[in-house]
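Shown here: structure17.cif, mmCIF, C-alpha atoms.
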data_start
#
loop_
_atom_site.label_atom_id
_atom_site.label_comp_id
_atom_site.auth_asym_id
_atom_site.auth_seq_id
_atom_site.Cartn_x
_atom_site.Cartn_y
_atom_site.Cartn_z
CA MET A 1 -13.48 -25.83 -22.87
CA HIS A 2 -15.08 -22.54 -21.84
CA PRO A 3 -12.56 -20.73 -19.62
CA ILE A 4 -14.94 -19.87 -16.75
CA ILE A 5 -17.38 -21.83 -14.61
CA THR A 6 -20.23 -20.56 -12.43
CA ALA A 7 -20.67 -21.38 -8.75
CA ALA A 8 -23.77 -23.43 -9.60
CA GLU A 9 -21.89 -25.43 -12.22
CA LEU A 10 -19.01 -26.06 -9.84
CA ALA A 11 -21.34 -27.17 -7.03
CA SER A 12 -23.04 -29.58 -9.40
CA ALA A 13 -19.71 -30.99 -10.55
CA LEU A 14 -18.48 -31.47 -6.99
CA ALA A 15 -21.71 -33.24 -6.03
CA ASP A 16 -21.28 -35.69 -8.90
CA ASP A 17 -19.35 -38.72 -7.66
CA SER A 18 -18.16 -39.41 -11.20
CA SER A 19 -16.54 -35.98 -11.60
CA ASP A 20 -12.78 -35.64 -11.28
CA VAL A 21 -12.20 -31.98 -10.48
CA VAL A 22 -9.01 -30.54 -8.97
CA LEU A 23 -9.71 -27.34 -7.03
CA LEU A 24 -7.00 -24.72 -6.54
CA ASP A 25 -7.35 -21.85 -4.05
CA VAL A 26 -4.99 -19.04 -5.08
CA ARG A 27 -6.19 -16.19 -2.90
CA TYR A 28 -3.68 -13.36 -3.07
CA GLN A 29 -3.33 -9.66 -2.29
CA LEU A 30 -0.79 -7.47 -4.04
CA GLY A 31 1.63 -6.36 -1.35
CA GLY A 32 -0.46 -8.06 1.32
CA PRO A 33 0.03 -11.15 3.47
CA PRO A 34 -0.09 -14.63 1.91
CA GLY A 35 -3.52 -16.13 1.44
CA ARG A 36 -2.80 -19.33 3.36
CA PRO A 37 -4.30 -18.18 6.70
CA ASP A 38 -7.55 -17.29 4.93
CA TYR A 39 -7.47 -20.64 3.16
CA GLU A 40 -6.95 -22.52 6.42
CA ALA A 41 -9.82 -20.62 8.03
CA GLY A 42 -12.21 -21.74 5.30
CA HIS A 43 -12.14 -22.79 1.65
CA ILE A 44 -14.27 -24.58 -0.89
CA PRO A 45 -14.30 -28.22 0.20
CA GLY A 46 -11.50 -30.17 -1.43
CA ALA A 47 -9.50 -27.14 -2.56
CA VAL A 48 -5.70 -27.11 -2.29
CA TYR A 49 -3.90 -23.85 -1.59
CA VAL A 50 -1.32 -22.61 -4.10
CA ASP A 51 0.90 -19.63 -3.28
CA LEU A 52 1.08 -17.15 -6.16
CA ASP A 53 4.34 -15.49 -5.10
CA ALA A 54 6.15 -18.73 -4.29
CA GLU A 55 4.68 -21.21 -6.80
CA LEU A 56 3.10 -19.27 -9.67
CA ALA A 57 5.96 -16.79 -10.07
CA GLY A 58 9.73 -16.70 -9.85
CA LYS A 59 11.81 -14.42 -7.67
CA PRO A 60 11.57 -10.69 -8.49
CA GLY A 61 14.46 -9.37 -10.51
CA SER A 62 15.41 -8.07 -13.91
CA GLY A 63 12.51 -10.04 -15.41
CA GLY A 64 9.94 -8.18 -13.33
CA ARG A 65 8.12 -8.63 -10.03
CA HIS A 66 6.29 -11.81 -11.07
CA PRO A 67 8.35 -13.56 -13.74
CA LEU A 68 7.59 -17.10 -14.84
CA PRO A 69 8.02 -19.59 -12.00
CA ASP A 70 10.87 -22.03 -11.82
CA PRO A 71 9.59 -25.03 -13.87
CA GLU A 72 10.43 -27.50 -11.11
CA VAL A 73 8.64 -25.44 -8.45
CA PHE A 74 5.52 -25.00 -10.58
CA THR A 75 5.48 -28.67 -11.55
CA ALA A 76 5.83 -29.77 -7.93
CA ALA A 77 2.99 -27.46 -6.84
CA MET A 78 0.64 -28.80 -9.49
CA ARG A 79 1.50 -32.41 -8.74
CA ARG A 80 1.02 -31.80 -5.01
CA ALA A 81 -2.45 -30.47 -5.76
CA GLY A 82 -3.32 -33.56 -7.79
CA VAL A 83 -3.18 -32.01 -11.26
CA GLY A 84 -2.62 -34.60 -13.94
CA ALA A 85 -3.25 -35.25 -17.61
CA GLY A 86 -6.95 -35.25 -18.43
CA ARG A 87 -8.11 -33.99 -15.03
CA GLU A 88 -10.25 -30.87 -14.98
CA VAL A 89 -8.87 -28.02 -12.88
CA VAL A 90 -10.95 -25.19 -11.41
CA VAL A 91 -9.14 -22.20 -9.93
CA TYR A 92 -10.56 -19.49 -7.68
CA ASP A 93 -9.35 -16.53 -5.67
CA GLY A 94 -10.88 -13.89 -3.41
CA GLY A 95 -13.02 -12.46 -6.19
CA ILE A 96 -10.91 -9.98 -8.14
CA GLY A 97 -9.92 -12.72 -10.58
CA TRP A 98 -6.30 -11.72 -11.10
CA ALA A 99 -4.61 -14.55 -9.20
CA ALA A 100 -7.00 -17.20 -10.51
CA ALA A 101 -6.39 -16.01 -14.05
CA ARG A 102 -2.62 -16.18 -13.49
CA ALA A 103 -2.96 -19.86 -12.49
CA TRP A 104 -5.31 -20.48 -15.44
CA TRP A 105 -2.86 -18.86 -17.85
CA LEU A 106 0.15 -20.79 -16.51
CA LEU A 107 -1.64 -24.11 -16.77
CA ARG A 108 -2.86 -23.35 -20.29
CA TRP A 109 0.59 -22.10 -21.30
CA ALA A 110 2.09 -25.30 -19.87
CA GLY A 111 -0.20 -27.43 -22.05
CA HIS A 112 -3.00 -28.32 -19.62
CA GLU A 113 -6.18 -27.58 -21.56
CA ARG A 114 -8.85 -28.56 -19.03
CA VAL A 115 -8.75 -25.59 -16.68
CA ARG A 116 -11.38 -23.01 -15.78
CA VAL A 117 -11.73 -20.05 -13.43
CA LEU A 118 -14.61 -19.78 -10.96
CA ASP A 119 -16.47 -16.69 -12.13
CA GLY A 120 -16.68 -14.22 -9.25
CA GLY A 121 -14.34 -16.28 -7.09
CA LEU A 122 -15.06 -17.23 -3.49
CA PRO A 123 -17.62 -14.42 -2.99
CA ALA A 124 -19.75 -15.92 -5.79
CA TRP A 125 -19.56 -19.34 -4.12
CA LEU A 126 -20.71 -17.90 -0.79
CA ALA A 127 -23.40 -15.73 -2.41
CA ALA A 128 -24.86 -18.89 -3.94
CA GLY A 129 -25.32 -20.31 -0.45
CA HIS A 130 -22.50 -22.85 -0.51
CA GLY A 131 -20.37 -23.58 2.53
CA LEU A 132 -16.69 -23.73 3.32
CA SER A 133 -14.44 -26.28 4.99
CA ASP A 134 -11.35 -25.91 7.16
CA ARG A 135 -10.21 -29.46 6.38
CA VAL A 136 -6.94 -29.42 4.44
CA PRO A 137 -7.08 -32.24 1.87
CA ALA A 138 -4.18 -34.50 0.96
CA PRO A 139 -4.88 -35.54 -2.63
CA ALA A 140 -2.93 -38.27 -4.37
CA PRO A 141 -0.04 -36.71 -6.29
CA GLY A 142 -0.86 -35.85 -9.88
CA GLU A 143 1.16 -36.70 -12.95
CA PHE A 144 1.39 -33.16 -14.27
CA THR A 145 4.05 -32.80 -16.94
CA PRO A 146 4.34 -29.28 -18.38
CA ALA A 147 4.75 -28.73 -22.09
CA PRO A 148 5.27 -24.95 -22.31
CA GLY A 149 4.21 -22.98 -25.35
CA ASP A 150 0.48 -23.61 -25.73
CA LEU A 151 -0.26 -19.91 -25.20
CA PRO A 152 1.81 -17.10 -26.74
CA LEU A 153 4.31 -15.23 -24.60
CA LEU A 154 5.86 -11.81 -25.24
CA THR A 155 9.30 -10.51 -24.39
CA ALA A 156 9.92 -6.79 -23.87
CA ASP A 157 11.09 -6.46 -27.47
CA ASP A 158 8.04 -8.37 -28.69
CA ALA A 159 5.77 -6.01 -26.75
CA ALA A 160 7.48 -2.96 -28.24
CA ALA A 161 7.06 -4.33 -31.75
CA LEU A 162 3.44 -5.34 -31.16
CA ALA A 163 2.60 -1.83 -29.95
CA ARG A 164 3.73 -0.61 -33.37
CA HIS A 165 2.16 -3.17 -35.73
CA GLY A 166 -0.62 -4.79 -33.67
CA ILE A 167 -2.67 -4.16 -30.54
CA LEU A 168 -0.94 -3.98 -27.17
CA LEU A 169 -3.35 -3.48 -24.27
CA ASP A 170 -2.30 -2.00 -20.93
CA ALA A 171 -4.46 -3.66 -18.26
CA ARG A 172 -3.55 -1.30 -15.40
CA ALA A 173 -5.77 1.44 -14.02
CA GLY A 174 -6.03 4.48 -16.27
CA GLU A 175 -4.13 6.81 -13.94
CA ARG A 176 -1.12 4.50 -14.00
CA TYR A 177 -1.28 4.23 -17.78
CA ARG A 178 -1.39 8.02 -18.09
CA GLY A 179 1.58 8.36 -15.73
CA GLU A 180 -0.31 10.37 -13.14
CA VAL A 181 0.65 7.96 -10.34
CA GLU A 182 2.98 5.00 -9.97
CA PRO A 183 2.75 3.37 -6.54
CA ILE A 184 5.05 0.42 -7.20
CA ASP A 185 7.42 0.68 -10.13
CA PRO A 186 10.29 3.20 -10.60
CA VAL A 187 8.85 5.07 -13.59
CA ALA A 188 5.31 6.21 -14.38
CA GLY A 189 3.72 5.93 -17.81
CA HIS A 190 3.16 3.24 -20.43
CA ILE A 191 4.81 1.44 -23.33
CA PRO A 192 4.66 3.76 -26.36
CA GLY A 193 1.83 2.69 -28.64
CA ALA A 194 -0.02 0.70 -25.97
CA ILE A 195 -3.76 1.22 -25.49
CA SER A 196 -5.36 1.68 -22.07
CA ALA A 197 -7.76 -1.16 -21.17
CA PRO A 198 -8.24 -1.43 -17.37
CA THR A 199 -9.25 -4.86 -16.08
CA ALA A 200 -12.02 -3.33 -13.96
CA GLU A 201 -14.01 -2.87 -17.16
CA ASN A 202 -14.06 -6.65 -17.81
CA VAL A 203 -16.31 -7.45 -14.86
CA ASP A 204 -19.56 -6.31 -13.26
CA ALA A 205 -20.08 -4.90 -9.77
CA ASP A 206 -19.96 -8.42 -8.30
CA GLY A 207 -16.67 -9.27 -9.95
CA ARG A 208 -18.20 -11.58 -12.53
CA PHE A 209 -17.09 -11.36 -16.14
CA LEU A 210 -19.33 -9.47 -18.52
CA PRO A 211 -21.15 -11.56 -21.16
CA PRO A 212 -19.03 -12.66 -24.14
CA ASP A 213 -20.79 -10.35 -26.60
CA VAL A 214 -20.31 -7.34 -24.31
CA LEU A 215 -16.63 -8.16 -23.87
CA ALA A 216 -16.25 -8.66 -27.62
CA ARG A 217 -17.67 -5.18 -28.27
CA ARG A 218 -15.44 -3.64 -25.60
CA PHE A 219 -12.31 -5.14 -27.12
CA ALA A 220 -13.39 -4.49 -30.70
CA ASP A 221 -13.71 -0.79 -29.83
CA LEU A 222 -10.06 -0.97 -28.77
CA GLY A 223 -9.05 -2.69 -32.01
CA ALA A 224 -8.66 -6.11 -30.38
CA ARG A 225 -10.53 -8.49 -32.66
CA ALA A 226 -10.07 -12.17 -33.42
CA ASP A 227 -8.25 -11.32 -36.68
CA ALA A 228 -5.80 -8.93 -34.98
CA GLU A 229 -2.50 -9.67 -33.28
CA VAL A 230 -3.18 -8.84 -29.64
CA GLY A 231 -0.98 -8.70 -26.56
CA VAL A 232 -1.52 -7.61 -22.95
CA TYR A 233 0.66 -6.31 -20.13
CA CYS A 234 0.04 -4.85 -16.68
CA GLY A 235 2.26 -4.05 -13.72
CA SER A 236 3.81 -7.48 -13.19
CA GLY A 237 1.98 -10.03 -15.32
CA VAL A 238 -0.85 -10.89 -12.91
CA SER A 239 -3.80 -8.62 -13.74
CA ALA A 240 -2.87 -8.91 -17.43
CA ALA A 241 -3.67 -12.62 -17.18
CA GLN A 242 -7.23 -11.62 -16.24
CA GLN A 243 -7.33 -9.54 -19.42
CA VAL A 244 -6.11 -12.50 -21.50
CA LEU A 245 -8.88 -14.55 -19.88
CA ALA A 246 -11.49 -11.89 -20.68
CA LEU A 247 -10.26 -11.81 -24.27
CA ALA A 248 -10.55 -15.60 -24.44
CA ILE A 249 -14.16 -15.35 -23.25
CA ALA A 250 -14.72 -12.85 -26.07
CA GLY A 251 -13.13 -15.20 -28.59
CA VAL A 252 -9.96 -13.15 -29.08
CA PRO A 253 -6.59 -14.94 -28.69
CA ALA A 254 -3.95 -12.82 -26.96
CA ALA A 255 -0.33 -13.05 -25.88
CA LEU A 256 0.87 -12.15 -22.39
CA TYR A 257 3.90 -9.99 -21.62
CA VAL A 258 4.77 -11.56 -18.26
CA GLY A 259 7.53 -9.08 -17.35
CA SER A 260 5.08 -6.23 -17.96
CA TRP A 261 5.71 -2.70 -16.70
CA SER A 262 7.86 -3.91 -13.79
CA GLU A 263 10.40 -5.25 -16.28
CA TRP A 264 9.98 -2.52 -18.88
CA SER A 265 10.36 0.41 -16.48
CA ALA A 266 13.41 -1.10 -14.79
CA ASP A 267 15.46 -0.57 -17.95
CA PRO A 268 16.25 3.17 -18.37
CA ALA A 269 17.00 2.60 -22.05
CA ARG A 270 13.39 1.73 -22.80
CA PRO A 271 11.11 4.58 -23.91
CA VAL A 272 8.18 5.70 -21.79
CA ALA A 273 5.01 7.48 -22.88
CA THR A 274 2.62 9.46 -20.69
CA GLY A 275 -0.82 10.94 -21.18
CA ALA A 276 -4.12 9.50 -22.35
CA THR A 277 -3.08 8.61 -25.88
CA PRO A 278 -0.89 5.71 -27.06
#
Can the structure from this file be put into structure tokens for me?
Amino acid sequence: MHPIITAAELASALADDSSDVVLLDVRYQLGGPPGRPDYEAGHIPGAVYVDLDAELAGKPGSGGRHPLPDPEVFTAAMRRAGVGAGREVVVYDGGIGWAAARAWWLLRWAGHERVRVLDGGLPAWLAAGHGLSDRVPAPAPGEFTPAPGDLPLLTADDAAALARHGILLDARAGERYRGEVEPIDPVAGHIPGAISAPTAENVDADGRFLPPDVLARRFADLGARADAEVGVYCGSGVSAAQQVLALAIAGVPAALYVGSWSEWSADPARPVATGATP
């Protein structure tokens, strides 16, 4: 299944009485208020709200700011939303794509193959002339049973090794990679050997993913090809999921370092590089 869906394709699917789509609204702002009030004010009809901080991530700690969620919490959230074996899931956020990609990655990692991200998020839906609803649905509980391991996952040691013998992409903004600024984590810089690949370069001005061939060229220029061993990290494992999604669109499998820089930089024994080069 192609990992993204357009607003027109989603509208068509929702209008088809025979379709069986589960919609997840995962609007989220880093450091901002939860997205639930925005969801309650208006969402794509039929969508169920999922809280990224509470249900798509565990509590911040030694494993980073957004570690893997507690399996029971994640399972309960998916079942509450109606996710079950064989049902197609479409995830959207406020347009930046990070939160939706995090949900996509978690579901794929947990063994649910039929999941896609709405390209361009809610802004794309509205730009296409589709409306919103303030009705909060109560879907029948799904039979979601996670089977973790369908997508590769990196530990800190794995990421360090991959930076030496493969391709480790840093999905943060270039100034954070170079160590010029660090607004969140205790140390500025990047994992030695990692290559700068900001997520902003995966999408166009409207927040929609670039065409697969354009993305493939972008990643190939960075050494990330289908025959390479590729991994991605960011600040806390959220925007890096968008990079893994972009790589999937380009036909390049990639592993995610969920702990990312928030875990790496919290350990003073781990080396840190600065500057524009790996």
**Request:** Check which residues satisfy the PyMOL selection byres ((chain A and resi 115) around 8) in the file shown, then give them as a ChimeraX atom specification.
**Result:** /A:1,3,88-91,104,107-108,112-114,116-117
**Neighbour list for segment 185-190 of chain A as a ChimeraX atom specification, cut-off 10 Å, all atoms listed in the file, skip fewer than 3 positions in-chain** = /A:64-65,170,172,174-182,193-196,233-236,260-268,271-278
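In this model, the gap between atom CA of Val50 of chain A and atom CA of Gln243 of chain A comes to 21.0 Å.
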**Asked** Counting all atoms listed in the file, what is within 12 Å of Val83 of chain A, bar same-chain residues fewer than 3 positions away, as a PyMOL selection string?
**Response** chain A and resi 20-24+47-48+50+74-80+86-91+107+112-115+139-146
**Asked** From the set A:Ala250, A:Ala200, A:Ala255, A:Ala103, which residue has the shortest atom-to-atom contact distance to Leu168 of chain A, counting all atoms listed in the file?
**Response**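 Checking each of A:Ala250, A:Ala200, A:Ala255, A:Ala103 against Leu168 of chain A, counting all atoms listed in the file, the winner is A:Ala255.
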**Atomic distance atom CA of Thr6 of chain A - atom CA of Trp105 of chain A, expressed in Å with one decimal** =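 Distance between the two atoms: 18.3 Å.
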**Message:** Given all atoms listed in the file as the basis, pick out the residue of A:Val238, A:Ala147, A:Ala138, A:Val232 nearest to Leu52 of chain A.
**Reply:**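 Residue with the minimum atom-to-atom distance to Leu52 of chain A: A:Val238.
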**Request:** Have a look at atom CA of Asp134 of chain A and atom CA of Pro37 of chain A and let me know their distance in Å, one decimal.
**Result:**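 Straight-line distance from atom CA of Asp134 of chain A to atom CA of Pro37 of chain A works out to 10.5 Å.
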**Request:** Starting from the displayed file, determine the output of the PyMOL selection byres ((chain A and resi 60) around 12) and express the residue list as an MDAnalysis selection string.
**Result:** chainID A and resid 53:54 57:59 61:70 236:237 258:259 262:263 266
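Among the candidates A:Ala205, A:Leu154, A:Ala11, A:Ala248, the residue lying nearest to Gly95 of chain A is A:Ala205 (atoms considered: only C-alpha atoms).
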**Fill in**
Min atom-atom distance to Asp150 of chain A from the set A:Gly231, A:Pro192, A:Gly111, A:Gly207, counting all atoms listed in the file, belongs to A:Gly111
**Exercise: Pro152 of chain A partners within 8 Å, only C-alpha atoms, chain neighbours under 3 positions left out, as a ChimeraX atom specification** = /A:109,149,254-256
Six-sided padding of 5 Å per side, axis-aligned box over segment 230-240 of chain A, centre and edges in Å, one decimal, as AutoDock Vina command-line options:
--center_x 0.0 --center_y -7.5 --center_z -21.3 --size_x 17.6 --size_y 16.8 --size_z 26.7
**Request:** Convert the output of the PyMOL selection byres ((chain A and resi 251) around 8) on the shown file into explicit residues, formatted as a PyMOL selection string.
**Result:** chain A and resi 212+216+226+247-250+252-253
Expected file: the selected residues, C-alpha atoms, as an mmCIF file, in the frame of the given file:
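And here's selection39.cif as it stands now:
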data_model
loop_
_atom_site.group_PDB
_atom_site.id
_atom_site.type_symbol
_atom_site.label_atom_id
_atom_site.label_comp_id
_atom_site.auth_asym_id
_atom_site.auth_seq_id
_atom_site.Cartn_x
_atom_site.Cartn_y
_atom_site.Cartn_z
ATOM 1 C CA PRO A 212 -19.030 -12.660 -24.140
ATOM 2 C CA ALA A 216 -16.250 -8.660 -27.620
ATOM 3 C CA ALA A 226 -10.070 -12.170 -33.420
ATOM 4 C CA LEU A 247 -10.260 -11.810 -24.270
ATOM 5 C CA ALA A 248 -10.550 -15.600 -24.440
ATOM 6 C CA ILE A 249 -14.160 -15.350 -23.250
ATOM 7 C CA ALA A 250 -14.720 -12.850 -26.070
ATOM 8 C CA VAL A 252 -9.960 -13.150 -29.080
ATOM 9 C CA PRO A 253 -6.590 -14.940 -28.690
#
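With distances restricted to all atoms listed in the file, A:Gly97 is the closest residue to Asp204 of chain A from A:Asp17, A:Glu9, A:Gly97, A:Leu153.
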**Request:** Find the residues near Tyr92 of chain A: any atom within 7 Å, counting all atoms listed in the file, skip ones fewer than 3 places away on the same chain, and give them as a list in words.
**Result:** Leu24, Asp25, Val26, Ala100, Val117, Leu118, Gly121 and Leu122 of chain A
